[in-house]
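Asks: Next comes the structure file coords29.tsv, holding TSV, C-alpha atoms and all ligand atoms.
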```tsv
chain	number	residue	atom	x	y	z
A	460	MET	CA	83.46	302.54	-28.01
A	461	THR	CA	81.91	301.61	-31.30
A	462	SER	CA	78.32	300.82	-30.35
A	463	ARG	CA	75.59	302.20	-32.55
A	464	VAL	CA	72.82	304.21	-31.04
A	465	ILE	CA	69.17	303.90	-31.95
A	466	PRO	CA	67.48	307.27	-32.19
A	467	LEU	CA	64.93	307.45	-29.45
A	468	ILE	CA	62.00	308.41	-31.61
A	469	ASP	CA	61.39	305.18	-33.45
A	470	SER	CA	58.35	303.39	-34.73
A	471	ARG	CA	57.73	301.76	-31.39
A	472	LEU	CA	57.10	305.11	-29.82
A	473	ALA	CA	54.94	306.36	-32.63
A	474	SER	CA	51.39	305.68	-31.56
A	475	PRO	CA	48.09	307.32	-32.48
A	476	SER	CA	48.10	308.96	-29.04
A	477	ARG	CA	51.21	311.04	-29.64
A	478	ALA	CA	51.52	313.70	-27.03
A	479	ARG	CA	53.56	316.88	-26.55
A	480	GLY	CA	57.10	316.60	-27.92
A	481	GLY	CA	56.19	313.65	-30.12
A	482	TYR	CA	56.15	311.01	-27.38
A	483	ALA	CA	53.22	308.91	-26.32
A	484	GLU	CA	51.95	309.12	-22.75
A	485	THR	CA	52.17	306.01	-20.58
A	486	PRO	CA	48.98	304.02	-20.93
A	487	ALA	CA	47.07	303.86	-17.67
A	488	GLY	CA	46.80	300.53	-15.84
A	489	GLY	CA	48.17	297.16	-16.88
A	490	GLU	CA	51.61	295.72	-16.22
A	491	LEU	CA	54.40	296.68	-18.58
A	492	ALA	CA	55.85	293.62	-20.34
A	493	ASP	CA	58.26	293.07	-23.20
A	494	GLU	CA	57.57	291.03	-26.34
A	495	LEU	CA	58.35	287.86	-24.46
A	496	GLY	CA	56.08	288.77	-21.55
A	497	ARG	CA	58.89	289.76	-19.17
A	498	PRO	CA	58.23	292.63	-16.76
A	499	LEU	CA	60.73	295.38	-15.99
A	500	ARG	CA	62.01	294.90	-12.43
A	501	ASP	CA	65.75	295.62	-12.26
A	502	LEU	CA	67.87	298.51	-13.39
A	503	ARG	CA	71.66	298.49	-13.54
A	504	ILE	CA	73.20	301.93	-13.75
A	505	SER	CA	76.78	302.36	-14.89
A	506	VAL	CA	78.15	305.51	-13.26
A	507	THR	CA	81.56	305.46	-14.95
A	508	ASP	CA	83.24	303.56	-17.78
A	509	ARG	CA	86.64	303.87	-16.04
A	510	CYS	CA	88.23	301.32	-13.78
A	511	ASN	CA	91.50	301.12	-11.86
A	512	PHE	CA	91.77	297.37	-12.60
A	513	ARG	CA	92.58	295.82	-15.95
A	514	CYS	CA	91.03	292.39	-15.39
A	515	THR	CA	92.17	290.31	-18.29
A	516	TYR	CA	88.65	288.99	-18.99
A	517	CYS	CA	86.96	292.41	-18.82
A	518	MET	CA	89.24	295.38	-19.59
A	519	PRO	CA	92.42	293.86	-21.01
A	520	LYS	CA	95.39	296.23	-20.93
A	521	GLU	CA	96.09	295.78	-24.62
A	522	VAL	CA	92.72	297.35	-25.48
A	523	PHE	CA	92.08	299.69	-22.55
A	524	ASP	CA	95.48	301.41	-22.74
A	525	SER	CA	96.48	305.08	-22.66
A	526	ASN	CA	95.07	305.55	-26.18
A	527	TYR	CA	91.63	304.25	-25.25
A	528	ARG	CA	88.99	306.96	-25.44
A	529	PHE	CA	86.91	306.90	-22.30
A	530	LEU	CA	83.86	309.11	-22.08
A	531	ARG	CA	84.35	312.80	-21.35
A	532	HIS	CA	82.92	314.11	-18.11
A	533	SER	CA	80.35	316.21	-19.97
A	534	ASP	CA	79.08	313.03	-21.64
A	535	LEU	CA	78.17	311.40	-18.34
A	536	LEU	CA	74.71	311.65	-16.91
A	537	THR	CA	74.73	313.97	-13.90
A	538	PHE	CA	73.46	312.63	-10.59
A	539	GLU	CA	70.28	314.68	-11.07
A	540	GLU	CA	69.72	313.10	-14.49
A	541	ILE	CA	70.37	309.61	-13.13
A	542	ALA	CA	67.95	310.16	-10.26
A	543	ARG	CA	65.29	311.51	-12.59
A	544	LEU	CA	65.58	308.55	-14.93
A	545	ALA	CA	65.65	306.16	-11.97
A	546	ARG	CA	62.34	307.57	-10.77
A	547	ALA	CA	60.85	307.07	-14.24
A	548	PHE	CA	62.06	303.45	-14.30
A	549	VAL	CA	60.57	302.85	-10.86
A	550	GLN	CA	57.25	304.17	-12.14
A	551	GLN	CA	57.46	301.51	-14.85
A	552	GLY	CA	57.99	298.68	-12.37
A	553	VAL	CA	61.65	298.69	-11.31
A	554	GLU	CA	62.14	297.49	-7.73
A	555	LYS	CA	65.91	297.02	-7.61
A	556	ILE	CA	68.70	299.34	-8.69
A	557	ARG	CA	72.35	298.36	-8.80
A	558	LEU	CA	75.12	300.91	-9.31
A	559	THR	CA	78.05	299.57	-11.25
A	560	GLY	CA	80.57	300.47	-13.93
A	561	GLY	CA	83.57	300.54	-14.61
A	562	GLU	CA	84.46	300.92	-10.99
A	563	PRO	CA	81.58	302.87	-9.42
A	564	LEU	CA	83.58	304.01	-6.41
A	565	LEU	CA	85.83	306.01	-8.75
A	566	ARG	CA	82.91	308.34	-9.46
A	567	LYS	CA	83.37	311.36	-7.24
A	568	ASP	CA	80.87	311.73	-4.40
A	569	LEU	CA	78.97	308.57	-5.28
A	570	HIS	CA	77.44	308.58	-1.81
A	571	LYS	CA	75.52	311.70	-2.85
A	572	LEU	CA	73.83	309.76	-5.64
A	573	ILE	CA	72.98	306.97	-3.19
A	574	ALA	CA	71.45	309.54	-0.87
A	575	MET	CA	69.29	310.75	-3.77
A	576	LEU	CA	68.16	307.24	-4.72
A	577	SER	CA	67.68	305.62	-1.35
A	578	PRO	CA	64.42	307.39	-0.34
A	579	MET	CA	62.64	306.06	-3.46
A	580	THR	CA	59.76	303.64	-3.04
A	581	THR	CA	58.34	301.12	-5.49
A	582	ARG	CA	54.86	301.39	-6.92
A	583	SER	CA	53.64	299.15	-4.12
A	584	GLY	CA	55.24	301.42	-1.53
A	585	ARG	CA	58.26	299.34	-0.49
A	586	PRO	CA	61.75	300.89	-0.43
A	587	VAL	CA	63.59	300.45	-3.72
A	588	ASP	CA	66.44	297.99	-3.15
A	589	ILE	CA	69.67	299.92	-3.81
A	590	ALA	CA	72.86	297.88	-4.27
A	591	LEU	CA	76.38	298.42	-5.55
A	592	THR	CA	78.98	296.20	-7.25
A	593	THR	CA	82.62	297.13	-6.66
A	594	ASN	CA	86.10	295.71	-7.03
A	595	GLY	CA	86.59	296.64	-3.38
A	596	SER	CA	89.82	298.55	-3.97
A	597	VAL	CA	88.72	301.70	-2.13
A	598	LEU	CA	85.89	300.19	-0.12
A	599	ALA	CA	87.75	300.21	3.19
A	600	ARG	CA	87.72	304.02	3.00
A	601	LYS	CA	84.21	304.44	1.69
A	602	ALA	CA	82.02	301.71	3.21
A	603	GLN	CA	80.73	303.75	6.14
A	604	GLN	CA	79.95	306.78	3.97
A	605	LEU	CA	77.99	304.58	1.56
A	606	ALA	CA	76.02	302.94	4.36
A	607	ASP	CA	75.29	306.33	5.92
A	608	ALA	CA	73.92	307.49	2.56
A	609	GLY	CA	71.40	304.63	2.58
A	610	LEU	CA	73.15	301.79	0.75
A	611	LYS	CA	71.81	298.47	2.01
A	612	ARG	CA	73.66	295.82	0.04
A	613	ILE	CA	77.02	295.44	-1.61
A	614	THR	CA	78.69	292.95	-3.94
A	615	VAL	CA	82.48	292.76	-4.02
A	616	SER	CA	84.31	291.09	-6.88
A	617	LEU	CA	87.22	288.87	-5.89
A	618	ASP	CA	88.58	286.22	-8.23
A	619	GLY	CA	90.76	284.33	-5.76
A	620	LEU	CA	92.63	284.39	-2.49
A	621	ASP	CA	96.00	283.46	-3.88
A	622	ASP	CA	97.78	286.79	-4.21
A	623	VAL	CA	99.82	285.86	-7.28
A	624	THR	CA	96.73	284.65	-9.15
A	625	PHE	CA	94.65	287.65	-8.15
A	626	ARG	CA	97.33	290.20	-9.04
A	627	ARG	CA	97.73	288.52	-12.41
A	628	MET	CA	93.99	288.63	-13.07
A	629	ASN	CA	93.46	292.27	-12.10
A	630	ASP	CA	96.68	293.04	-14.01
A	631	VAL	CA	97.50	296.12	-11.95
A	632	ASP	CA	99.25	294.20	-9.17
A	633	PHE	CA	96.48	294.87	-6.67
A	634	PRO	CA	96.73	292.72	-3.52
A	635	VAL	CA	94.00	290.42	-2.14
A	636	ARG	CA	94.56	291.81	1.35
A	637	ASP	CA	93.13	295.25	0.46
A	638	VAL	CA	89.94	293.77	-1.01
A	639	LEU	CA	89.48	291.66	2.12
A	640	ALA	CA	89.90	294.85	4.17
A	641	GLY	CA	87.10	296.38	2.09
A	642	ILE	CA	84.83	293.42	2.82
A	643	ASP	CA	85.58	293.78	6.54
A	644	ALA	CA	84.81	297.50	6.41
A	645	ALA	CA	81.52	296.83	4.62
A	646	THR	CA	80.62	294.30	7.31
A	647	ALA	CA	81.47	296.76	10.07
A	648	ALA	CA	79.32	299.40	8.35
A	649	GLY	CA	76.29	297.09	8.42
A	650	LEU	CA	76.36	296.03	4.75
A	651	ALA	CA	76.65	292.31	5.57
A	652	PRO	CA	76.02	289.75	4.31
A	653	VAL	CA	78.35	290.75	1.48
A	654	LYS	CA	78.01	288.97	-1.84
A	655	ILE	CA	81.36	288.08	-3.34
A	656	ASN	CA	81.57	287.56	-7.11
A	657	MET	CA	84.24	285.26	-8.46
A	658	VAL	CA	84.56	284.86	-12.22
A	659	VAL	CA	85.99	281.43	-12.97
A	660	LYS	CA	88.21	281.04	-16.01
A	661	ARG	CA	89.63	277.69	-17.01
A	662	GLY	CA	93.36	277.39	-16.59
A	663	VAL	CA	93.51	280.66	-14.65
A	664	ASN	CA	91.79	280.44	-11.26
A	665	GLU	CA	89.95	277.12	-10.95
A	666	ARG	CA	92.15	276.26	-7.97
A	667	GLU	CA	90.65	279.19	-6.13
A	668	ILE	CA	87.12	277.75	-6.21
A	669	VAL	CA	87.41	275.54	-3.15
A	670	ALA	CA	89.74	277.98	-1.39
A	671	MET	CA	87.14	280.76	-1.72
A	672	ALA	CA	84.33	278.48	-0.57
A	673	ARG	CA	86.35	277.38	2.45
A	674	TYR	CA	87.44	280.91	3.41
A	675	PHE	CA	83.97	282.43	3.37
A	676	ARG	CA	82.09	279.41	4.79
A	677	GLY	CA	80.64	280.27	8.15
A	678	THR	CA	81.13	284.05	7.74
A	679	GLY	CA	77.60	284.77	6.53
A	680	HIS	CA	78.98	286.17	3.26
A	681	ILE	CA	77.84	284.53	0.02
A	682	VAL	CA	80.34	283.66	-2.70
A	683	ARG	CA	78.83	283.53	-6.19
A	684	PHE	CA	80.77	281.68	-8.83
A	685	ILE	CA	80.21	283.24	-12.26
A	686	GLU	CA	80.77	281.52	-15.58
A	687	TYR	CA	83.16	283.46	-17.77
A	688	MET	CA	81.04	285.19	-20.44
A	689	ASP	CA	81.56	286.51	-23.96
A	690	VAL	CA	80.68	290.08	-23.03
A	691	GLY	CA	82.08	292.71	-25.36
A	692	THR	CA	84.58	291.79	-28.01
A	693	SER	CA	87.89	292.60	-26.37
A	694	ASN	CA	88.45	289.61	-24.09
A	695	GLY	CA	88.95	287.00	-26.84
A	696	TRP	CA	86.43	284.66	-25.16
A	697	ARG	CA	86.46	280.98	-26.01
A	698	MET	CA	83.85	278.43	-24.98
A	699	ASP	CA	86.53	276.03	-23.73
A	700	GLU	CA	87.66	278.61	-21.16
A	701	VAL	CA	84.29	278.45	-19.42
A	702	VAL	CA	84.14	276.31	-16.29
A	703	PRO	CA	80.50	275.23	-16.09
A	704	SER	CA	78.73	275.70	-12.77
A	705	SER	CA	78.21	271.94	-12.59
A	706	ASP	CA	82.01	271.57	-12.21
A	707	VAL	CA	82.08	274.28	-9.53
A	708	LEU	CA	79.36	272.52	-7.55
A	709	ARG	CA	81.09	269.16	-7.90
A	710	LEU	CA	84.44	270.53	-6.69
A	711	ILE	CA	82.93	272.25	-3.66
A	712	GLY	CA	80.55	269.36	-3.01
A	713	GLU	CA	83.50	266.96	-2.76
A	714	GLN	CA	84.70	268.96	0.25
A	715	PHE	CA	81.47	270.17	1.83
A	716	ALA	CA	78.04	268.58	1.31
A	717	LEU	CA	75.68	270.93	-0.54
A	718	GLU	CA	71.95	271.03	-1.21
A	719	PRO	CA	69.92	273.36	-3.47
A	720	ILE	CA	67.65	276.00	-1.99
A	721	ASP	CA	64.84	278.07	-3.46
A	722	ALA	CA	65.43	281.37	-5.19
A	723	ASN	CA	64.74	284.44	-3.09
A	724	TYR	CA	62.53	285.83	-5.87
A	725	THR	CA	61.54	285.10	-9.48
A	726	GLY	CA	64.30	286.08	-11.85
A	727	GLU	CA	67.18	285.71	-9.38
A	728	VAL	CA	70.19	284.99	-11.57
A	729	ALA	CA	72.20	283.00	-9.04
A	730	GLU	CA	71.12	279.45	-8.24
A	731	ARG	CA	71.42	279.07	-4.50
A	732	TRP	CA	73.04	276.14	-2.67
A	733	ARG	CA	73.64	275.73	1.05
A	734	TYR	CA	76.07	273.76	3.11
A	735	ARG	CA	74.26	270.87	4.74
A	736	ASP	CA	76.05	271.52	8.01
A	737	GLY	CA	74.47	274.98	8.25
A	738	GLN	CA	77.63	276.95	7.49
A	739	GLY	CA	75.95	279.24	4.98
A	740	GLU	CA	75.28	279.34	1.24
A	741	ILE	CA	76.92	279.88	-2.13
A	742	GLY	CA	75.52	280.78	-5.54
A	743	VAL	CA	76.35	279.87	-9.10
A	744	ILE	CA	75.60	282.11	-12.07
A	745	SER	CA	75.39	279.99	-15.20
A	746	SER	CA	74.79	282.47	-17.97
A	747	VAL	CA	76.61	280.23	-20.46
A	748	SER	CA	75.66	276.68	-19.47
A	749	ARG	CA	72.08	277.44	-18.32
A	750	ALA	CA	70.81	280.63	-19.85
A	751	PHE	CA	68.20	282.49	-17.83
A	752	CYS	CA	66.93	284.88	-20.51
A	753	ARG	CA	63.36	283.77	-19.95
A	754	GLU	CA	63.40	285.31	-16.51
A	755	CYS	CA	65.53	288.33	-17.33
A	756	THR	CA	63.76	291.44	-16.08
A	757	ARG	CA	66.82	293.69	-16.25
A	758	ALA	CA	67.47	296.95	-18.07
A	759	ARG	CA	70.87	298.64	-18.19
A	760	LEU	CA	71.59	302.34	-18.31
A	761	SER	CA	75.03	303.20	-19.63
A	762	THR	CA	77.22	305.94	-18.20
A	763	GLU	CA	76.13	308.36	-20.92
A	764	GLY	CA	72.46	307.53	-20.64
A	765	LYS	CA	71.86	304.86	-23.23
A	766	LEU	CA	69.35	302.19	-22.37
A	767	TYR	CA	70.42	298.65	-23.22
A	768	LEU	CA	68.01	295.75	-23.02
A	769	CYS	CA	70.59	292.97	-22.76
A	770	LEU	CA	74.14	292.58	-21.49
A	771	PHE	CA	75.05	291.29	-24.94
A	772	ALA	CA	73.37	294.03	-26.96
A	773	HIS	CA	75.31	296.36	-29.21
A	774	GLN	CA	72.72	299.06	-29.62
A	775	GLY	CA	71.48	301.47	-27.00
A	776	HIS	CA	68.49	303.80	-26.87
A	777	ASP	CA	69.57	307.36	-26.23
A	778	LEU	CA	67.71	308.61	-23.15
A	779	ARG	CA	70.18	311.43	-22.58
A	780	ALA	CA	69.09	313.00	-25.85
A	781	LEU	CA	65.60	313.06	-24.40
A	782	LEU	CA	66.79	314.58	-21.12
A	783	ARG	CA	68.87	317.22	-22.89
A	784	PRO	CA	66.71	318.28	-25.86
A	785	GLN	CA	68.19	320.71	-28.35
A	786	ASP	CA	65.18	322.91	-27.83
A	787	GLN	CA	65.72	323.66	-24.15
A	788	ASP	CA	62.34	325.34	-23.89
A	789	SER	CA	60.52	322.03	-24.14
A	790	PRO	CA	62.15	319.59	-21.74
A	791	PRO	CA	60.33	316.28	-21.45
A	792	THR	CA	57.74	315.77	-18.76
A	793	ASP	CA	58.06	312.85	-16.37
A	794	SER	CA	55.26	311.02	-18.14
A	795	GLN	CA	57.02	311.44	-21.47
A	796	LEU	CA	60.17	309.91	-20.00
A	797	GLU	CA	58.13	307.02	-18.65
A	798	ALA	CA	56.40	306.56	-21.99
A	799	ALA	CA	59.74	306.41	-23.77
A	800	ILE	CA	61.03	303.75	-21.37
A	801	ALA	CA	57.81	301.76	-21.64
A	802	GLY	CA	57.84	301.93	-25.45
A	803	ILE	CA	61.39	300.65	-25.62
A	804	TRP	CA	60.74	297.88	-23.10
A	805	ARG	CA	57.63	296.68	-24.96
A	806	GLY	CA	59.73	296.08	-28.07
A	807	ARG	CA	62.36	294.00	-26.23
A	808	ASP	CA	62.90	290.49	-27.57
A	809	ASP	CA	66.56	289.94	-26.58
A	810	ARG	CA	67.60	286.46	-25.46
A	811	TYR	CA	71.24	286.29	-26.45
A	812	SER	CA	72.38	283.66	-23.95
A	813	GLU	CA	69.83	281.20	-25.29
A	814	LEU	CA	71.21	281.65	-28.79
A	815	ARG	CA	74.93	281.75	-27.91
A	816	THR	CA	77.43	279.74	-29.95
A	817	GLN	CA	81.15	280.11	-30.45
A	818	ALA	CA	80.22	282.07	-33.61
A	819	THR	CA	77.96	284.60	-31.84
A	820	ALA	CA	80.86	285.47	-29.53
A	821	LYS	CA	82.37	287.37	-32.48
A	822	MET	CA	79.29	289.49	-33.02
A	823	PRO	CA	79.64	293.16	-32.07
A	824	LYS	CA	78.61	293.67	-28.45
A	825	VAL	CA	78.93	296.49	-26.01
A	826	GLU	CA	81.81	296.24	-23.51
A	827	MET	CA	80.82	295.35	-19.95
A	828	SER	CA	82.90	298.16	-18.48
A	829	TYR	CA	80.76	300.64	-20.43
A	830	ILE	CA	77.33	299.12	-19.94
A	831	GLY	CA	77.92	298.04	-16.33
A	832	GLY	CA	78.39	294.53	-15.00
B	1	LIG	N1	84.22	297.30	-11.08
B	1	LIG	C1	83.14	296.63	-10.44
B	1	LIG	C2	83.55	295.23	-10.04
B	1	LIG	O1	84.69	294.86	-10.25
B	1	LIG	O2	82.72	294.53	-9.46
B	1	LIG	C3	81.84	296.60	-11.23
B	1	LIG	C4	81.91	296.34	-12.69
B	1	LIG	S1	82.40	294.70	-13.14
B	1	LIG	C5	82.23	294.81	-14.90
B	1	LIG	C6	81.03	293.74	-12.58
B	1	LIG	C7	81.21	292.28	-12.52
B	1	LIG	O3	81.30	291.75	-13.82
B	1	LIG	C8	82.44	291.80	-11.77
B	1	LIG	O4	82.08	290.85	-10.81
B	1	LIG	C9	83.26	291.17	-12.86
B	1	LIG	O5	84.07	290.15	-12.38
B	1	LIG	C10	82.19	290.67	-13.80
B	1	LIG	N2	82.67	290.39	-15.15
B	1	LIG	C11	83.39	291.20	-15.95
B	1	LIG	N3	83.67	290.59	-17.13
B	1	LIG	C12	83.10	289.37	-17.07
B	1	LIG	C13	83.04	288.27	-17.97
B	1	LIG	N4	83.63	288.30	-19.16
B	1	LIG	N5	82.36	287.16	-17.58
B	1	LIG	C14	81.77	287.12	-16.37
B	1	LIG	N6	81.78	288.13	-15.48
B	1	LIG	C15	82.46	289.24	-15.83
```
What would the structure in this file look like if it were written as structure tokens?
Ligand code: SAM

Replies:
Amino acid sequence: MTSRVIPLIDSRLASPSRARGGYAETPAGGELADELGRPLRDLRISVTDRCNFRCTYCMPKEVFDSNYRFLRHSDLLTFEEIARLARAFVQQGVEKIRLTGGEPLLRKDLHKLIAMLSPMTTRSGRPVDIALTTNGSVLARKAQQLADAGLKRITVSLDGLDDVTFRRMNDVDFPVRDVLAGIDAATAAGLAPVKINMVVKRGVNEREIVAMARYFRGTGHIVRFIEYMDVGTSNGWRMDEVVPSSDVLRLIGEQFALEPIDANYTGEVAERWRYRDGQGEIGVISSVSRAFCRECTRARLSTEGKLYLCLFAHQGHDLRALLRPQDQDSPPTDSQLEAAIAGIWRGRDDRYSELRTQATAKMPKVEMSYIGG
């Protein structure tokens, strides 16, 4: 991992009202907004940078091989540290938290973290929405435990139903059948409707688009078709490998009549469409063909506690250094943590997807497996 880290104490945090430990206190009142006026609403937390899949578009085998240096266990935020930071983010406006990775279900005892997060309430007193994204490989075994710990929603990634295609894409010969068993287990545990993420890559799995739509139509589950993105630098992304969402909608629409429906909330990344015959809905996520930076209210916390302000960033802000100060006699107060988060968010002006070209794809960017998808 070659990302650079911005020291936490930077000019944005230096204000006339510097408090104990050199950090400003959170100003009272007023909504936190970044430089482009976007509030902080969502937090993605990567709980591990490891994965048991080697999806060719995300963690290609040639890069993530036995020589690849994953984080050491002592580098990872502990569950207590994650929960403490999560509370600070919620105080700054976060209403939704998604656990991801890497493969989050590889992190030992993840249900214990969910049990720590699920009682949290937003500033307006509603339960914080806790969700998880998984490749589904061990979900059949863990779904009930996750639901019992307070998980309410789950997203399962599945790039096709054709076993040969899927095994080739995950590149570890993992069968479709076991992911479907995970989706069934999640449904039985009360986590339905399940969202199912399918990344579409030209020449690889376009044929699976209609098959996936057909299979999940009428089940209540929601397939979301994701444009292949230039995250990280290891997947060798090319613009001509992106299948635009307009093509996805046309292909499905030729089989089943579709109509658009309103977003569930401002800033929802998937555009929603429903089958006219009432058999459910699908979503398309068009990060490449229709950037949604203007409505992006999402922060990302990496496995080792670095705060990233964009999926395509290459620099993180080291919150772990704040949590684990060298001088252990002066740990930060909660309001200092909140002030640090607020100061970083205020300086945010990222809008990579609006600026994307074939040339920007070569710029250094953090890998998705590290920052969390
Ligand atoms: N391991 C979990 C999983 O498979 O869902 C969580 C992490 S994964 C990085 C999160 C999501 O990002 C998955 O749905 C994956 O397909 C998607 N993803 C990874 N690389 C991508 C890319 N280059 N373009 C679009 N989506 C990508």

Asks: Between chain A and ligand LIG 1 (chain B), at 9 Å or less, what are the per-residue closest atom pairs and their distances in Å? Count all atoms listed in the file, order by chain and rising residue number, and return it as JSON lines.

Replies:
```
{"residue": "A:Ser505", "atom": "CA", "partner": "B:LIG1", "partner_atom": "C4", "distance": 8.2}
{"residue": "A:Asp508", "atom": "CA", "partner": "B:LIG1", "partner_atom": "C4", "distance": 8.9}
{"residue": "A:Arg509", "atom": "CA", "partner": "B:LIG1", "partner_atom": "N1", "distance": 8.6}
{"residue": "A:Cys510", "atom": "CA", "partner": "B:LIG1", "partner_atom": "N1", "distance": 6.3}
{"residue": "A:Asn511", "atom": "CA", "partner": "B:LIG1", "partner_atom": "N1", "distance": 8.3}
{"residue": "A:Phe512", "atom": "CA", "partner": "B:LIG1", "partner_atom": "N1", "distance": 7.7}
{"residue": "A:Cys514", "atom": "CA", "partner": "B:LIG1", "partner_atom": "C11", "distance": 7.8}
{"residue": "A:Thr515", "atom": "CA", "partner": "B:LIG1", "partner_atom": "N3", "distance": 8.6}
{"residue": "A:Tyr516", "atom": "CA", "partner": "B:LIG1", "partner_atom": "N4", "distance": 5.1}
{"residue": "A:Cys517", "atom": "CA", "partner": "B:LIG1", "partner_atom": "N3", "distance": 4.1}
{"residue": "A:Met518", "atom": "CA", "partner": "B:LIG1", "partner_atom": "N3", "distance": 7.7}
{"residue": "A:Leu558", "atom": "CA", "partner": "B:LIG1", "partner_atom": "C3", "distance": 8.2}
{"residue": "A:Thr559", "atom": "CA", "partner": "B:LIG1", "partner_atom": "C3", "distance": 4.8}
{"residue": "A:Gly560", "atom": "CA", "partner": "B:LIG1", "partner_atom": "C4", "distance": 4.5}
{"residue": "A:Gly561", "atom": "CA", "partner": "B:LIG1", "partner_atom": "N1", "distance": 4.8}
{"residue": "A:Glu562", "atom": "CA", "partner": "B:LIG1", "partner_atom": "N1", "distance": 3.6}
{"residue": "A:Pro563", "atom": "CA", "partner": "B:LIG1", "partner_atom": "N1", "distance": 6.4}
{"residue": "A:Leu564", "atom": "CA", "partner": "B:LIG1", "partner_atom": "N1", "distance": 8.2}
{"residue": "A:Leu591", "atom": "CA", "partner": "B:LIG1", "partner_atom": "C3", "distance": 8.1}
{"residue": "A:Thr592", "atom": "CA", "partner": "B:LIG1", "partner_atom": "O2", "distance": 4.7}
{"residue": "A:Thr593", "atom": "CA", "partner": "B:LIG1", "partner_atom": "O2", "distance": 3.8}
{"residue": "A:Asn594", "atom": "CA", "partner": "B:LIG1", "partner_atom": "O1", "distance": 3.6}
{"residue": "A:Gly595", "atom": "CA", "partner": "B:LIG1", "partner_atom": "O1", "distance": 7.3}
{"residue": "A:Ser596", "atom": "CA", "partner": "B:LIG1", "partner_atom": "O1", "distance": 8.9}
{"residue": "A:Thr614", "atom": "CA", "partner": "B:LIG1", "partner_atom": "O2", "distance": 7.0}
{"residue": "A:Val615", "atom": "CA", "partner": "B:LIG1", "partner_atom": "O2", "distance": 5.7}
{"residue": "A:Ser616", "atom": "CA", "partner": "B:LIG1", "partner_atom": "O4", "distance": 4.5}
{"residue": "A:Leu617", "atom": "CA", "partner": "B:LIG1", "partner_atom": "O5", "distance": 7.3}
{"residue": "A:Asp618", "atom": "CA", "partner": "B:LIG1", "partner_atom": "O5", "distance": 7.3}
{"residue": "A:Ile655", "atom": "CA", "partner": "B:LIG1", "partner_atom": "O4", "distance": 8.0}
{"residue": "A:Asn656", "atom": "CA", "partner": "B:LIG1", "partner_atom": "O4", "distance": 5.0}
{"residue": "A:Met657", "atom": "CA", "partner": "B:LIG1", "partner_atom": "O5", "distance": 6.3}
{"residue": "A:Val658", "atom": "CA", "partner": "B:LIG1", "partner_atom": "O5", "distance": 5.3}
{"residue": "A:Val659", "atom": "CA", "partner": "B:LIG1", "partner_atom": "C14", "distance": 7.9}
{"residue": "A:Lys660", "atom": "CA", "partner": "B:LIG1", "partner_atom": "N5", "distance": 8.6}
{"residue": "A:Ile685", "atom": "CA", "partner": "B:LIG1", "partner_atom": "C14", "distance": 5.9}
{"residue": "A:Glu686", "atom": "CA", "partner": "B:LIG1", "partner_atom": "C14", "distance": 5.7}
{"residue": "A:Tyr687", "atom": "CA", "partner": "B:LIG1", "partner_atom": "N5", "distance": 3.8}
{"residue": "A:Met688", "atom": "CA", "partner": "B:LIG1", "partner_atom": "N5", "distance": 3.7}
{"residue": "A:Asp689", "atom": "CA", "partner": "B:LIG1", "partner_atom": "N4", "distance": 5.5}
{"residue": "A:Val690", "atom": "CA", "partner": "B:LIG1", "partner_atom": "N4", "distance": 5.2}
{"residue": "A:Gly691", "atom": "CA", "partner": "B:LIG1", "partner_atom": "N4", "distance": 7.8}
{"residue": "A:Asn694", "atom": "CA", "partner": "B:LIG1", "partner_atom": "N4", "distance": 7.0}
{"residue": "A:Trp696", "atom": "CA", "partner": "B:LIG1", "partner_atom": "N4", "distance": 7.6}
{"residue": "A:Ser746", "atom": "CA", "partner": "B:LIG1", "partner_atom": "C14", "distance": 8.5}
{"residue": "A:Glu826", "atom": "CA", "partner": "B:LIG1", "partner_atom": "N3", "distance": 8.7}
{"residue": "A:Met827", "atom": "CA", "partner": "B:LIG1", "partner_atom": "C5", "distance": 5.3}
{"residue": "A:Ser828", "atom": "CA", "partner": "B:LIG1", "partner_atom": "C5", "distance": 4.9}
{"residue": "A:Tyr829", "atom": "CA", "partner": "B:LIG1", "partner_atom": "C5", "distance": 8.2}
{"residue": "A:Ile830", "atom": "CA", "partner": "B:LIG1", "partner_atom": "C5", "distance": 8.2}
{"residue": "A:Gly831", "atom": "CA", "partner": "B:LIG1", "partner_atom": "C5", "distance": 5.6}
{"residue": "A:Gly832", "atom": "CA", "partner": "B:LIG1", "partner_atom": "C6", "distance": 3.7}
```

Asks: In Å, with one decimal, what is the gap from CA of Lys824 (chain A) to CA of Ala772 (chain A)?

Replies: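 About the pair CA of Lys824 (chain A) and CA of Ala772 (chain A): they are 5.5 Å apart.
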
Asks: Excluding Arg546 (chain A) and its own-chain neighbours fewer than 4 positions away, which residues fall within 10 Å of it when counting only C-alpha atoms? Please give them as number ranges by chain.

Replies: A: 540-542, 550-551, 553, 576, 579-581, 793, 796-797

Asks: Export C-alpha atoms of the chosen residues as a JSON list (two decimals), in the frame of the given file?

Replies:
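Contents of selection_12.json, as written:
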```json
[["chain", "number", "residue", "atom", "x", "y", "z"],
["A", 540, "GLU", "CA", 69.72, 313.10, -14.49],
["A", 541, "ILE", "CA", 70.37, 309.61, -13.13],
["A", 542, "ALA", "CA", 67.95, 310.16, -10.26],
["A", 550, "GLN", "CA", 57.25, 304.17, -12.14],
["A", 551, "GLN", "CA", 57.46, 301.51, -14.85],
["A", 553, "VAL", "CA", 61.65, 298.69, -11.31],
["A", 576, "LEU", "CA", 68.16, 307.24, -4.72],
["A", 579, "MET", "CA", 62.64, 306.06, -3.46],
["A", 580, "THR", "CA", 59.76, 303.64, -3.04],
["A", 581, "THR", "CA", 58.34, 301.12, -5.49],
["A", 793, "ASP", "CA", 58.06, 312.85, -16.37],
["A", 796, "LEU", "CA", 60.17, 309.91, -20.00],
["A", 797, "GLU", "CA", 58.13, 307.02, -18.65]]
```
